[in-house]
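Raw contents of query33.cif, mmCIF, C-alpha atoms and all ligand atoms:
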```cif
data_my_file
#
loop_
_atom_site.label_atom_id
_atom_site.label_comp_id
_atom_site.auth_asym_id
_atom_site.auth_seq_id
_atom_site.Cartn_x
_atom_site.Cartn_y
_atom_site.Cartn_z
CA ASN A 1 118.80 -20.02 36.96
CA SER A 2 121.05 -17.67 35.00
CA ASP A 3 121.62 -15.40 37.99
CA LEU A 4 123.38 -18.08 39.94
CA ILE A 5 127.12 -17.88 39.66
CA ILE A 6 127.68 -21.41 40.88
CA TYR A 7 126.18 -24.07 38.69
CA VAL A 8 125.47 -27.49 40.02
CA ASN A 9 127.15 -30.23 38.05
CA LEU A 10 124.21 -32.39 37.19
CA GLU A 11 126.42 -35.31 36.27
CA LEU A 12 126.66 -36.22 39.87
CA VAL A 13 128.98 -38.99 40.80
CA ASN A 14 127.01 -42.09 41.51
CA ARG A 15 128.48 -43.44 44.69
CA LYS A 16 126.56 -46.68 44.80
CA SER A 17 129.66 -48.64 45.70
CA ASN A 18 131.17 -45.92 47.82
CA ARG A 19 131.40 -46.50 51.54
CA ARG A 20 132.53 -43.06 52.56
CA TYR A 21 129.61 -42.10 54.80
CA VAL A 22 128.61 -44.62 57.44
CA VAL A 23 125.20 -43.98 59.02
CA GLN A 24 125.31 -43.80 62.83
CA GLU A 25 121.89 -42.55 63.85
CA MET A 26 118.95 -40.44 62.66
CA LEU A 27 119.09 -36.76 63.63
CA GLY A 28 115.90 -35.38 62.29
CA GLN A 29 113.10 -35.63 59.84
CA GLY A 30 111.63 -32.88 57.75
CA THR A 31 109.41 -32.31 54.78
CA PHE A 32 112.22 -32.95 52.34
CA GLY A 33 113.71 -36.10 53.73
CA GLN A 34 115.72 -37.41 56.63
CA VAL A 35 118.94 -36.26 58.21
CA ALA A 36 121.42 -38.86 59.44
CA LYS A 37 124.50 -38.53 61.58
CA CYS A 38 127.26 -40.23 59.61
CA TRP A 39 130.88 -41.10 60.08
CA ASP A 40 132.96 -39.69 57.24
CA ALA A 41 135.60 -42.36 56.67
CA GLU A 42 137.64 -40.04 54.45
CA THR A 43 138.05 -37.14 56.86
CA ASN A 44 137.47 -39.10 60.09
CA ASN A 45 134.75 -36.74 61.19
CA TYR A 46 131.06 -36.82 61.91
CA VAL A 47 128.86 -35.17 59.31
CA ALA A 48 125.10 -34.65 58.91
CA VAL A 49 123.73 -36.09 55.67
CA LYS A 50 120.34 -34.95 54.42
CA VAL A 51 118.80 -37.66 52.27
CA ILE A 52 116.22 -36.08 49.99
CA LYS A 53 113.02 -37.95 49.09
CA ASN A 54 113.37 -39.41 45.60
CA GLN A 55 110.57 -37.48 43.93
CA PRO A 56 111.22 -34.93 41.17
CA ALA A 57 109.80 -31.90 43.02
CA PHE A 58 111.97 -32.56 46.08
CA TYR A 59 114.99 -33.23 43.88
CA GLN A 60 114.54 -29.90 42.05
CA GLN A 61 114.20 -27.97 45.26
CA ALA A 62 117.25 -29.72 46.74
CA ILE A 63 119.30 -28.73 43.69
CA MET A 64 118.26 -25.17 44.57
CA GLU A 65 119.41 -25.76 48.16
CA VAL A 66 122.81 -26.96 46.90
CA SER A 67 123.17 -24.02 44.47
CA LEU A 68 122.21 -21.29 46.92
CA LEU A 69 124.22 -22.73 49.78
CA SER A 70 127.37 -23.10 47.68
CA LEU A 71 126.92 -19.51 46.53
CA LEU A 72 126.61 -18.36 50.14
CA ASN A 73 129.45 -20.54 51.45
CA GLU A 74 131.97 -19.89 48.69
CA LYS A 75 131.32 -16.35 47.49
CA PHE A 76 129.74 -14.59 50.43
CA ASP A 77 131.20 -16.31 53.47
CA PRO A 78 134.44 -18.02 52.41
CA ASP A 79 135.90 -17.85 55.92
CA ASP A 80 132.87 -19.26 57.69
CA GLN A 81 132.30 -16.15 59.80
CA HIS A 82 128.62 -15.49 59.27
CA HIS A 83 126.73 -18.27 61.01
CA ILE A 84 125.54 -20.15 57.96
CA VAL A 85 125.85 -23.95 57.86
CA ARG A 86 128.71 -25.32 55.72
CA MET A 87 127.89 -27.75 52.95
CA LEU A 88 130.66 -30.31 52.57
CA ASP A 89 129.53 -32.54 49.73
CA PHE A 90 126.58 -33.68 47.67
CA PHE A 91 125.96 -36.84 45.67
CA LEU A 92 123.37 -39.22 44.35
CA TYR A 93 122.82 -42.45 46.23
CA GLN A 94 120.24 -44.96 45.04
CA ASN A 95 118.35 -42.20 43.28
CA HIS A 96 118.33 -39.98 46.36
CA LEU A 97 120.11 -36.65 46.28
CA CYS A 98 122.19 -36.46 49.44
CA ILE A 99 123.77 -33.36 50.96
CA ALA A 100 126.53 -33.60 53.56
CA PHE A 101 126.76 -30.76 56.09
CA GLU A 102 129.05 -30.03 58.98
CA MET A 103 127.71 -31.69 62.11
CA LEU A 104 125.85 -29.24 64.35
CA GLY A 105 124.04 -29.60 67.68
CA GLN A 106 120.44 -29.25 68.85
CA ASN A 107 118.02 -26.91 67.14
CA LEU A 108 116.62 -23.92 69.04
CA TYR A 109 113.17 -25.46 69.41
CA GLU A 110 114.75 -28.46 71.13
CA LEU A 111 116.75 -26.08 73.32
CA LEU A 112 113.60 -24.17 74.33
CA LYS A 113 111.81 -27.44 75.09
CA ARG A 114 114.72 -28.58 77.25
CA ASN A 115 114.24 -25.31 79.11
CA SER A 116 110.53 -26.17 79.66
CA LEU A 117 109.55 -23.50 77.08
CA ARG A 118 110.36 -20.77 79.59
CA GLY A 119 112.66 -18.79 77.38
CA LEU A 120 116.37 -18.12 77.49
CA GLN A 121 118.35 -15.63 79.53
CA MET A 122 118.66 -12.23 77.88
CA LYS A 123 122.40 -12.70 77.24
CA TYR A 124 121.70 -15.76 75.07
CA VAL A 125 118.79 -14.04 73.32
CA ARG A 126 121.20 -11.24 72.50
CA THR A 127 124.08 -13.44 71.33
CA PHE A 128 121.91 -15.71 69.18
CA SER A 129 119.99 -12.77 67.70
CA ARG A 130 123.16 -10.98 66.70
CA GLN A 131 124.47 -14.12 65.01
CA ILE A 132 121.25 -14.86 63.10
CA LEU A 133 121.17 -11.21 62.02
CA ASP A 134 124.74 -11.57 60.77
CA ALA A 135 123.61 -14.49 58.58
CA LEU A 136 120.59 -12.49 57.36
CA ILE A 137 122.77 -9.57 56.28
CA VAL A 138 124.90 -11.91 54.16
CA MET A 139 121.77 -13.48 52.67
CA LYS A 140 120.39 -10.06 51.81
CA ASP A 141 123.67 -9.10 50.13
CA ALA A 142 123.46 -12.32 48.12
CA GLY A 143 119.81 -11.61 47.24
CA ILE A 144 118.70 -14.86 48.83
CA ILE A 145 115.45 -15.30 50.75
CA HIS A 146 115.53 -18.21 53.20
CA CYS A 147 111.72 -18.56 53.28
CA ASP A 148 111.66 -20.94 56.27
CA LEU A 149 113.33 -19.28 59.23
CA LYS A 150 112.12 -20.86 62.47
CA PRO A 151 113.72 -22.21 65.65
CA GLU A 152 113.88 -25.74 64.13
CA ASN A 153 116.14 -24.37 61.38
CA ILE A 154 118.64 -22.68 63.70
CA LEU A 155 121.14 -25.02 65.29
CA ILE A 156 123.57 -24.75 68.15
CA ALA A 157 127.11 -24.79 66.79
CA ALA A 158 129.54 -26.07 69.37
CA ASN A 159 132.68 -25.10 67.49
CA VAL A 160 131.80 -21.47 66.78
CA LYS A 161 134.63 -19.34 68.23
CA THR A 162 132.39 -17.69 70.81
CA ALA A 163 131.25 -19.71 73.79
CA ALA A 164 127.67 -20.03 72.59
CA GLY A 165 126.91 -20.00 68.92
CA VAL A 166 124.23 -20.80 66.38
CA LYS A 167 124.03 -21.37 62.65
CA VAL A 168 121.21 -21.03 60.15
CA ILE A 169 120.41 -24.26 58.27
CA ASP A 170 117.88 -25.61 55.78
CA PHE A 171 117.99 -23.64 52.54
CA GLY A 172 115.55 -26.20 51.13
CA SER A 173 112.85 -23.55 50.63
CA ALA A 174 115.17 -20.67 49.72
CA CYS A 175 114.97 -18.66 46.52
CA MET A 176 116.52 -15.67 44.79
CA GLU A 177 114.95 -12.29 45.37
CA GLY A 178 113.06 -11.18 42.26
CA LYS A 179 112.71 -14.80 41.15
CA THR A 180 110.08 -15.90 43.61
CA ILE A 181 107.94 -18.80 42.42
CA TYR A 182 105.87 -20.04 45.33
CA SER A 183 103.20 -18.14 47.24
CA TYR A 184 102.65 -20.74 49.97
CA ILE A 185 105.89 -20.44 51.93
CA GLN A 186 107.19 -20.06 55.50
CA SER A 187 105.93 -22.03 58.50
CA ARG A 188 102.62 -20.62 59.71
CA TYR A 189 103.69 -19.10 63.05
CA TYR A 190 106.59 -17.34 61.32
CA ARG A 191 104.68 -16.38 58.14
CA SER A 192 104.96 -12.71 57.23
CA PRO A 193 101.97 -10.44 56.50
CA GLU A 194 102.93 -10.12 52.83
CA VAL A 195 102.95 -13.91 52.37
CA LEU A 196 99.69 -14.33 54.33
CA LEU A 197 98.02 -11.60 52.31
CA GLY A 198 99.54 -12.55 48.95
CA TYR A 199 101.74 -9.55 48.24
CA PRO A 200 105.07 -9.63 46.34
CA TYR A 201 107.77 -10.58 48.83
CA THR A 202 111.45 -9.84 49.41
CA THR A 203 114.15 -10.67 51.96
CA ALA A 204 111.99 -8.63 54.37
CA ILE A 205 109.92 -11.78 55.02
CA ASP A 206 112.96 -13.34 56.72
CA MET A 207 113.23 -10.25 58.93
CA TRP A 208 109.64 -10.84 60.06
CA SER A 209 110.35 -14.49 60.91
CA PHE A 210 113.51 -13.37 62.68
CA GLY A 211 111.46 -11.01 64.87
CA CYS A 212 109.12 -13.87 65.76
CA ILE A 213 112.11 -16.03 66.68
CA VAL A 214 113.75 -13.37 68.87
CA ALA A 215 110.50 -12.91 70.81
CA GLU A 216 110.11 -16.69 71.17
CA LEU A 217 113.65 -17.13 72.45
CA PHE A 218 112.82 -14.69 75.25
CA ILE A 219 109.29 -15.73 76.18
CA GLY A 220 109.72 -19.42 75.34
CA LEU A 221 106.55 -19.75 73.25
CA PRO A 222 105.77 -18.67 69.69
CA LEU A 223 104.66 -15.04 69.35
CA PHE A 224 101.84 -15.76 66.86
CA PRO A 225 100.89 -19.43 67.38
CA GLY A 226 97.78 -19.23 65.24
CA ALA A 227 95.76 -22.37 64.50
CA SER A 228 94.94 -20.93 61.08
CA GLU A 229 96.21 -18.08 58.91
CA TYR A 230 93.24 -16.00 60.09
CA ASP A 231 94.15 -16.75 63.70
CA VAL A 232 97.77 -15.72 63.04
CA LEU A 233 96.57 -12.43 61.55
CA CYS A 234 94.24 -11.74 64.50
CA ARG A 235 97.10 -12.34 66.92
CA MET A 236 99.35 -9.96 64.96
CA ILE A 237 96.70 -7.24 65.08
CA GLU A 238 96.15 -7.76 68.80
CA ILE A 239 99.80 -7.93 69.79
CA LEU A 240 101.01 -5.13 67.52
CA GLY A 241 97.97 -2.95 68.11
CA GLY A 242 97.31 -2.16 64.47
CA GLN A 243 96.75 -3.73 61.08
CA PRO A 244 98.67 -3.86 57.79
CA PRO A 245 98.69 -0.53 55.91
CA ASP A 246 95.91 0.09 53.39
CA ASP A 247 98.40 0.25 50.48
CA LEU A 248 99.34 -3.35 51.15
CA LEU A 249 95.74 -4.46 51.70
CA ARG A 250 94.64 -2.80 48.46
CA GLU A 251 97.31 -4.56 46.38
CA ALA A 252 97.42 -7.97 48.07
CA LYS A 253 95.69 -10.95 46.42
CA ASN A 254 94.22 -12.54 49.56
CA THR A 255 92.95 -9.46 51.40
CA GLY A 256 89.33 -10.50 50.78
CA ARG A 257 89.93 -13.75 52.68
CA PHE A 258 90.45 -11.86 55.92
CA PHE A 259 89.14 -8.33 55.50
CA LYS A 260 85.94 -6.61 54.49
CA HIS A 261 86.22 -3.47 52.39
CA VAL A 262 84.30 -0.81 54.30
CA GLY A 263 85.51 2.31 52.50
CA SER A 264 87.62 4.89 54.22
CA ILE A 265 85.83 7.33 56.46
CA TYR A 266 88.65 9.74 55.67
CA PRO A 267 88.93 9.35 51.89
CA GLY A 268 92.37 10.18 50.58
CA SER A 269 93.93 10.39 54.02
CA GLU A 270 96.68 8.10 55.23
CA ALA A 271 95.16 5.28 57.22
CA ARG A 272 97.35 4.38 60.16
CA ASN A 273 97.06 1.32 62.38
CA GLY A 274 93.54 0.57 61.29
CA ILE A 275 92.22 3.99 62.26
CA GLY A 276 90.47 5.44 59.24
CA SER A 277 91.32 2.29 57.25
CA ALA A 278 89.19 1.26 54.29
CA TYR A 279 89.40 -2.33 55.54
CA ARG A 280 88.05 -4.08 58.59
CA ILE A 281 89.22 -7.53 59.68
CA LEU A 282 86.40 -10.05 59.56
CA SER A 283 84.89 -11.20 62.82
CA GLU A 284 85.17 -14.83 63.85
CA ASP A 285 81.47 -15.28 63.04
CA GLU A 286 81.97 -13.92 59.55
CA ILE A 287 84.92 -16.24 59.04
CA GLU A 288 82.93 -19.18 60.37
CA ALA A 289 80.05 -18.37 58.06
CA ARG A 290 82.43 -18.48 55.11
CA GLU A 291 84.25 -21.66 55.97
CA SER A 292 82.66 -25.05 55.94
CA LYS A 293 84.77 -26.07 58.90
CA ARG A 294 85.45 -23.91 61.87
CA PRO A 295 89.17 -23.20 62.26
CA LYS A 296 90.68 -25.36 64.96
CA VAL A 297 91.20 -23.74 68.30
CA GLY A 298 94.90 -23.32 69.03
CA ARG A 299 96.67 -25.28 71.69
CA TRP A 300 98.13 -22.10 73.09
CA TYR A 301 96.25 -19.04 74.10
CA PHE A 302 99.36 -17.40 75.44
CA PRO A 303 100.82 -15.05 74.26
CA ARG A 304 98.10 -12.42 74.15
CA GLY A 305 98.02 -8.70 74.80
CA ARG A 306 100.29 -5.96 73.59
CA LEU A 307 103.90 -6.65 72.72
CA ASP A 308 105.39 -4.50 75.48
CA ARG A 309 103.16 -6.13 78.11
CA LEU A 310 104.18 -9.55 76.82
CA ILE A 311 107.86 -8.81 77.16
CA PHE A 312 107.58 -7.12 80.55
CA THR A 313 105.17 -9.49 82.22
CA TYR A 314 106.32 -12.78 80.79
CA PRO A 315 104.81 -14.99 83.45
CA TRP A 316 107.64 -17.46 83.88
CA LYS A 317 110.03 -15.14 85.62
CA ASN A 318 107.25 -13.96 87.93
CA LEU A 319 108.17 -10.32 87.63
CA SER A 320 106.14 -7.28 86.85
CA GLU A 321 107.28 -4.01 85.30
CA GLU A 322 107.21 -2.40 88.75
CA ASN A 323 109.56 -4.78 90.52
CA LEU A 324 111.95 -5.36 87.64
CA PRO A 325 115.51 -4.31 88.46
CA GLU A 326 116.56 -1.20 86.50
CA THR A 327 119.05 -3.00 84.23
CA GLU A 328 116.54 -5.69 83.32
CA LYS A 329 113.93 -3.04 82.70
CA ALA A 330 116.30 -1.28 80.29
CA ASP A 331 117.02 -4.61 78.57
CA CYS A 332 113.30 -5.31 78.16
CA LEU A 333 112.67 -1.82 76.77
CA ALA A 334 115.50 -2.30 74.28
CA LEU A 335 114.10 -5.70 73.30
CA VAL A 336 110.60 -4.29 72.71
CA ASP A 337 112.10 -1.50 70.60
CA PHE A 338 114.17 -4.00 68.60
CA LEU A 339 111.16 -6.28 68.07
CA ARG A 340 109.00 -3.35 66.95
CA GLY A 341 111.42 -2.74 64.10
CA LEU A 342 111.30 -6.40 63.05
CA VAL A 343 107.62 -7.33 63.31
CA GLU A 344 106.62 -4.33 61.22
CA PHE A 345 103.59 -4.71 58.94
CA ASP A 346 105.04 -2.52 56.21
CA PRO A 347 107.73 -4.52 54.36
CA ASN A 348 109.30 -1.30 53.03
CA LYS A 349 110.13 -0.29 56.58
P1 LIG B 401 111.77 -28.70 57.03
O1 LIG B 401 110.62 -29.55 57.37
O2 LIG B 401 112.07 -27.64 58.06
O3 LIG B 401 111.76 -28.14 55.65
P2 LIG B 401 113.95 -30.29 56.05
O4 LIG B 401 113.39 -31.56 55.56
O5 LIG B 401 114.25 -29.26 55.04
O6 LIG B 401 113.05 -29.69 57.17
P3 LIG B 401 116.34 -29.79 57.62
O7 LIG B 401 115.66 -28.69 58.31
O8 LIG B 401 117.50 -29.44 56.78
O9 LIG B 401 115.31 -30.68 56.79
O10 LIG B 401 116.78 -30.86 58.72
C1 LIG B 401 115.81 -31.46 59.58
C2 LIG B 401 116.35 -31.52 61.00
O11 LIG B 401 117.54 -32.31 61.03
C3 LIG B 401 116.74 -30.15 61.59
O12 LIG B 401 115.68 -29.46 62.18
C4 LIG B 401 117.82 -30.56 62.59
O13 LIG B 401 117.23 -30.92 63.83
C5 LIG B 401 118.48 -31.79 61.94
N1 LIG B 401 119.69 -31.35 61.22
C6 LIG B 401 119.74 -30.81 59.99
N2 LIG B 401 120.99 -30.46 59.63
C7 LIG B 401 121.78 -30.76 60.68
C8 LIG B 401 123.20 -30.62 60.96
N3 LIG B 401 124.03 -30.08 60.07
N4 LIG B 401 123.66 -31.06 62.15
C9 LIG B 401 122.80 -31.60 63.06
N5 LIG B 401 121.48 -31.74 62.88
C10 LIG B 401 120.95 -31.35 61.71
MG MG B 402 114.01 -27.69 58.42
MG MG B 403 113.38 -27.34 54.78
#
```
Once you've parsed the file, please lay out its structure as structure tokens.
Amino acid sequence: NSDLIIYVNLELVNRKSNRRYVVQEMLGQGTFGQVAKCWDAETNNYVAVKVIKNQPAFYQQAIMEVSLLSLLNEKFDPDDQHHIVRMLDFFLYQNHLCIAFEMLGQNLYELLKRNSLRGLQMKYVRTFSRQILDALIVMKDAGIIHCDLKPENILIAANVKTAAGVKVIDFGSACMEGKTIYSYIQSRYYRSPEVLLGYPYTTAIDMWSFGCIVAELFIGLPLFPGASEYDVLCRMIEILGGQPPDDLLREAKNTGRFFKHVGSIYPGSEARNGIGSAYRILSEDEIEARESKRPKVGRWYFPRGRLDRLIFTYPWKNLSEENLPETEKADCLALVDFLRGLVEFDPNK
């Protein structure tokens, strides 16, 4: 990729006989391979080593992960101030590409689970959001799209200067803006409208996922936990009280999978929020008639209803808008306003 300033040295050192990293325990498993907690005998420190599956496609993508992360670490965040995981080393071991990272803590999904999926206190939502946003600004400056932002890919960082800190990990699906290759990206609950609908995408898709994460940190459950892409889209329309703008629907490749062209009742006028739109979302019956198999019913029906209601009447805290203390009410209003700007159908906004 000629745009990348940092080139990966493909003549990787083969460390077959090296005993630098001693495996202690398994930390996690993902699509790309396994992550092991290791003792680094050279620096006397724990590190996290991601061992990539030894298949060409995974290897290629992992080379991308190494390239983009070294670009971010070295050129855009040399002083480790922007909440992006540090890559410490990479090497080939028995035909597996391995990447050593600084050792971090639990991921945010594990944290939410530990909290019985009831959401975090507003002060943590605020701190973590600010830090993730900091990382996203750096990524935008670098022209890098993460493409897989989700709670599982945000980890608690114990040694961040502030008391509570997080870092963004897993650049295994990342790409350069303007050099996008794949159309099937992002994890379903966090998938942006432009990716769902098949429209050219930018770093704005990470902003969408970020909005989903911020909401989830507060309410404890995913904002759009759709059992299918259609289900995700229906939940977006219900929660946001509108649908993607006609310009996007007209240009997107997959619009016909979810919408029926009905022709605008106000030809030439600007369709807003589905009113006067030339497109109507298909009904469940229409979808069922098209698909051989009925989409699976989701495990979660919550959350449902409008975004502001969701934030104000999150059931766990057993409060309603009326009996919320004034400061909390102001916090919730600010959160809704913030979320509105993030989960915005129009990527240009
Ligand atoms: P995905 O399926 O999301 O694409 P992946 O195969 O790309 O996953 P990662 O997300 O990089 O792999 O890592 C998988 C899991 O391993 C993470 O969700 C996290 O729980 C754990 N993990 C990864 N890196 C670290 C780290 N530096 N410190 C501690 N745990 C880590
Ligand atoms: Mg991951
Ligand atoms: Mg990944």
Open item on the list: At a cut-off of 7 Å and counting all atoms listed in the file, what residues surround ligand MG 402 (chain B)? Please answer as a list in words.
Closed with: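 Checked against 7 Å with all atoms listed in the file; the hits are Gly30, Glu152, Asn153 and Asp170 of chain A.
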Counting all atoms listed in the file, which protein, DNA or RNA residues come within 6 Å of ligand LIG 401 (chain B), given as a PDB file with C-alpha atoms, in the coordinates of the input?
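Contents of part09.pdb, as written:
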```pdb
ATOM      1  CA  LEU A  27     119.090 -36.760  63.630  1.00  0.00           C
ATOM      2  CA  GLY A  28     115.900 -35.380  62.290  1.00  0.00           C
ATOM      3  CA  GLN A  29     113.100 -35.630  59.840  1.00  0.00           C
ATOM      4  CA  GLY A  30     111.630 -32.880  57.750  1.00  0.00           C
ATOM      5  CA  THR A  31     109.410 -32.310  54.780  1.00  0.00           C
ATOM      6  CA  PHE A  32     112.220 -32.950  52.340  1.00  0.00           C
ATOM      7  CA  GLY A  33     113.710 -36.100  53.730  1.00  0.00           C
ATOM      8  CA  VAL A  35     118.940 -36.260  58.210  1.00  0.00           C
ATOM      9  CA  ALA A  48     125.100 -34.650  58.910  1.00  0.00           C
ATOM     10  CA  PHE A 101     126.760 -30.760  56.090  1.00  0.00           C
ATOM     11  CA  GLU A 102     129.050 -30.030  58.980  1.00  0.00           C
ATOM     12  CA  MET A 103     127.710 -31.690  62.110  1.00  0.00           C
ATOM     13  CA  LEU A 104     125.850 -29.240  64.350  1.00  0.00           C
ATOM     14  CA  GLY A 105     124.040 -29.600  67.680  1.00  0.00           C
ATOM     15  CA  ASN A 107     118.020 -26.910  67.140  1.00  0.00           C
ATOM     16  CA  GLU A 152     113.880 -25.740  64.130  1.00  0.00           C
ATOM     17  CA  ASN A 153     116.140 -24.370  61.380  1.00  0.00           C
ATOM     18  CA  ASP A 170     117.880 -25.610  55.780  1.00  0.00           C
ATOM     19  CA  GLY A 172     115.550 -26.200  51.130  1.00  0.00           C
TER      20      GLY A 172
END
```
TODO: Find the residues near stretch 122-130 of chain A: any atom within 7 Å, counting all atoms listed in the file, skip ones fewer than 2 places away on the same chain, and give them as a ChimeraX atom specification.
DONE: /A:120,132-134,165-166,214,217-218
- [ ] Choose the residue, out of A:Arg340, A:His261, A:Arg290, A:Lys150, that has the smallest atom-to-atom separation from ligand MG 403 (chain B); count only C-alpha atoms and all ligand atoms.
- [x]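 So, comparing all the options, the nearest one is A:Lys150.
Residues with any atom within 8 Å of A:Gly226, counting only C-alpha atoms and excluding same-chain neighbours fewer than 4 positions away, are Arg188, Tyr189, Tyr230, Asp231, Val232, Leu233, Arg235 and Gly298 of chain A.
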Using C-alpha atoms, can you export the residues from the last selection as a tab-separated table (two decimals), keeping the file's coordinate frame?
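Wrote it out as again.tsv, contents follow:
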```tsv
chain	number	residue	atom	x	y	z
A	188	ARG	CA	102.62	-20.62	59.71
A	189	TYR	CA	103.69	-19.10	63.05
A	230	TYR	CA	93.24	-16.00	60.09
A	231	ASP	CA	94.15	-16.75	63.70
A	232	VAL	CA	97.77	-15.72	63.04
A	233	LEU	CA	96.57	-12.43	61.55
A	235	ARG	CA	97.10	-12.34	66.92
A	298	GLY	CA	94.90	-23.32	69.03
```
TODO: Have a look at atom CA of A:Leu342 and atom CA of A:Val262 and let me know their distance in Å, one decimal.
DONE: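 Here the two named atoms are 28.9 Å from each other.
Summary of the local environment: counting all atoms listed in the file, residues at most 10 Å from stretch 252-260 of chain A, other than itself and those fewer than 4 positions away along its chain, are Pro193, Glu194, Val195, Leu196, Leu197, Gly198, Tyr199, Pro200, Glu229, Tyr230, Asp231, Leu233, Cys234, Asp246, Asp247, Leu248, Ala278, Tyr279, Arg280, Ile281, Leu282, Ser283, Glu284, Glu286, Ile287 and Arg290 of chain A.
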Nearby residues (all atoms listed in the file) at most 12 Å from A:Cys332, same-chain spacing under 2 positions excluded, as a PDB file with C-alpha atoms, keeping the file's coordinate frame:
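Dumped everything to out_38.pdb:
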```
ATOM      1  CA  GLN A 121     118.350 -15.630  79.530  1.00  0.00           C
ATOM      2  CA  MET A 122     118.660 -12.230  77.880  1.00  0.00           C
ATOM      3  CA  LYS A 123     122.400 -12.700  77.240  1.00  0.00           C
ATOM      4  CA  VAL A 125     118.790 -14.040  73.320  1.00  0.00           C
ATOM      5  CA  ARG A 126     121.200 -11.240  72.500  1.00  0.00           C
ATOM      6  CA  ALA A 215     110.500 -12.910  70.810  1.00  0.00           C
ATOM      7  CA  PHE A 218     112.820 -14.690  75.250  1.00  0.00           C
ATOM      8  CA  ILE A 219     109.290 -15.730  76.180  1.00  0.00           C
ATOM      9  CA  LEU A 307     103.900  -6.650  72.720  1.00  0.00           C
ATOM     10  CA  ASP A 308     105.390  -4.500  75.480  1.00  0.00           C
ATOM     11  CA  ARG A 309     103.160  -6.130  78.110  1.00  0.00           C
ATOM     12  CA  LEU A 310     104.180  -9.550  76.820  1.00  0.00           C
ATOM     13  CA  ILE A 311     107.860  -8.810  77.160  1.00  0.00           C
ATOM     14  CA  PHE A 312     107.580  -7.120  80.550  1.00  0.00           C
ATOM     15  CA  THR A 313     105.170  -9.490  82.220  1.00  0.00           C
ATOM     16  CA  TYR A 314     106.320 -12.780  80.790  1.00  0.00           C
ATOM     17  CA  LEU A 319     108.170 -10.320  87.630  1.00  0.00           C
ATOM     18  CA  SER A 320     106.140  -7.280  86.850  1.00  0.00           C
ATOM     19  CA  GLU A 321     107.280  -4.010  85.300  1.00  0.00           C
ATOM     20  CA  LEU A 324     111.950  -5.360  87.640  1.00  0.00           C
ATOM     21  CA  PRO A 325     115.510  -4.310  88.460  1.00  0.00           C
ATOM     22  CA  GLU A 326     116.560  -1.200  86.500  1.00  0.00           C
ATOM     23  CA  THR A 327     119.050  -3.000  84.230  1.00  0.00           C
ATOM     24  CA  GLU A 328     116.540  -5.690  83.320  1.00  0.00           C
ATOM     25  CA  LYS A 329     113.930  -3.040  82.700  1.00  0.00           C
ATOM     26  CA  ALA A 330     116.300  -1.280  80.290  1.00  0.00           C
ATOM     27  CA  ALA A 334     115.500  -2.300  74.280  1.00  0.00           C
ATOM     28  CA  LEU A 335     114.100  -5.700  73.300  1.00  0.00           C
ATOM     29  CA  VAL A 336     110.600  -4.290  72.710  1.00  0.00           C
ATOM     30  CA  ASP A 337     112.100  -1.500  70.600  1.00  0.00           C
ATOM     31  CA  PHE A 338     114.170  -4.000  68.600  1.00  0.00           C
ATOM     32  CA  LEU A 339     111.160  -6.280  68.070  1.00  0.00           C
TER      33      LEU A 339
END
```
Task: Pairwise distance for atom CA of A:Ile84 and atom CA of A:Ile213, rounded to one decimal in Å - done: 16.5 Å
Open item on the list: As an exercise, work out the distance from atom CA of A:Phe224 to atom CA of A:Met236 in Å and give it to one decimal place.
Closed with: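 Result for atom CA of A:Phe224 versus atom CA of A:Met236: 6.6 Å, one decimal.
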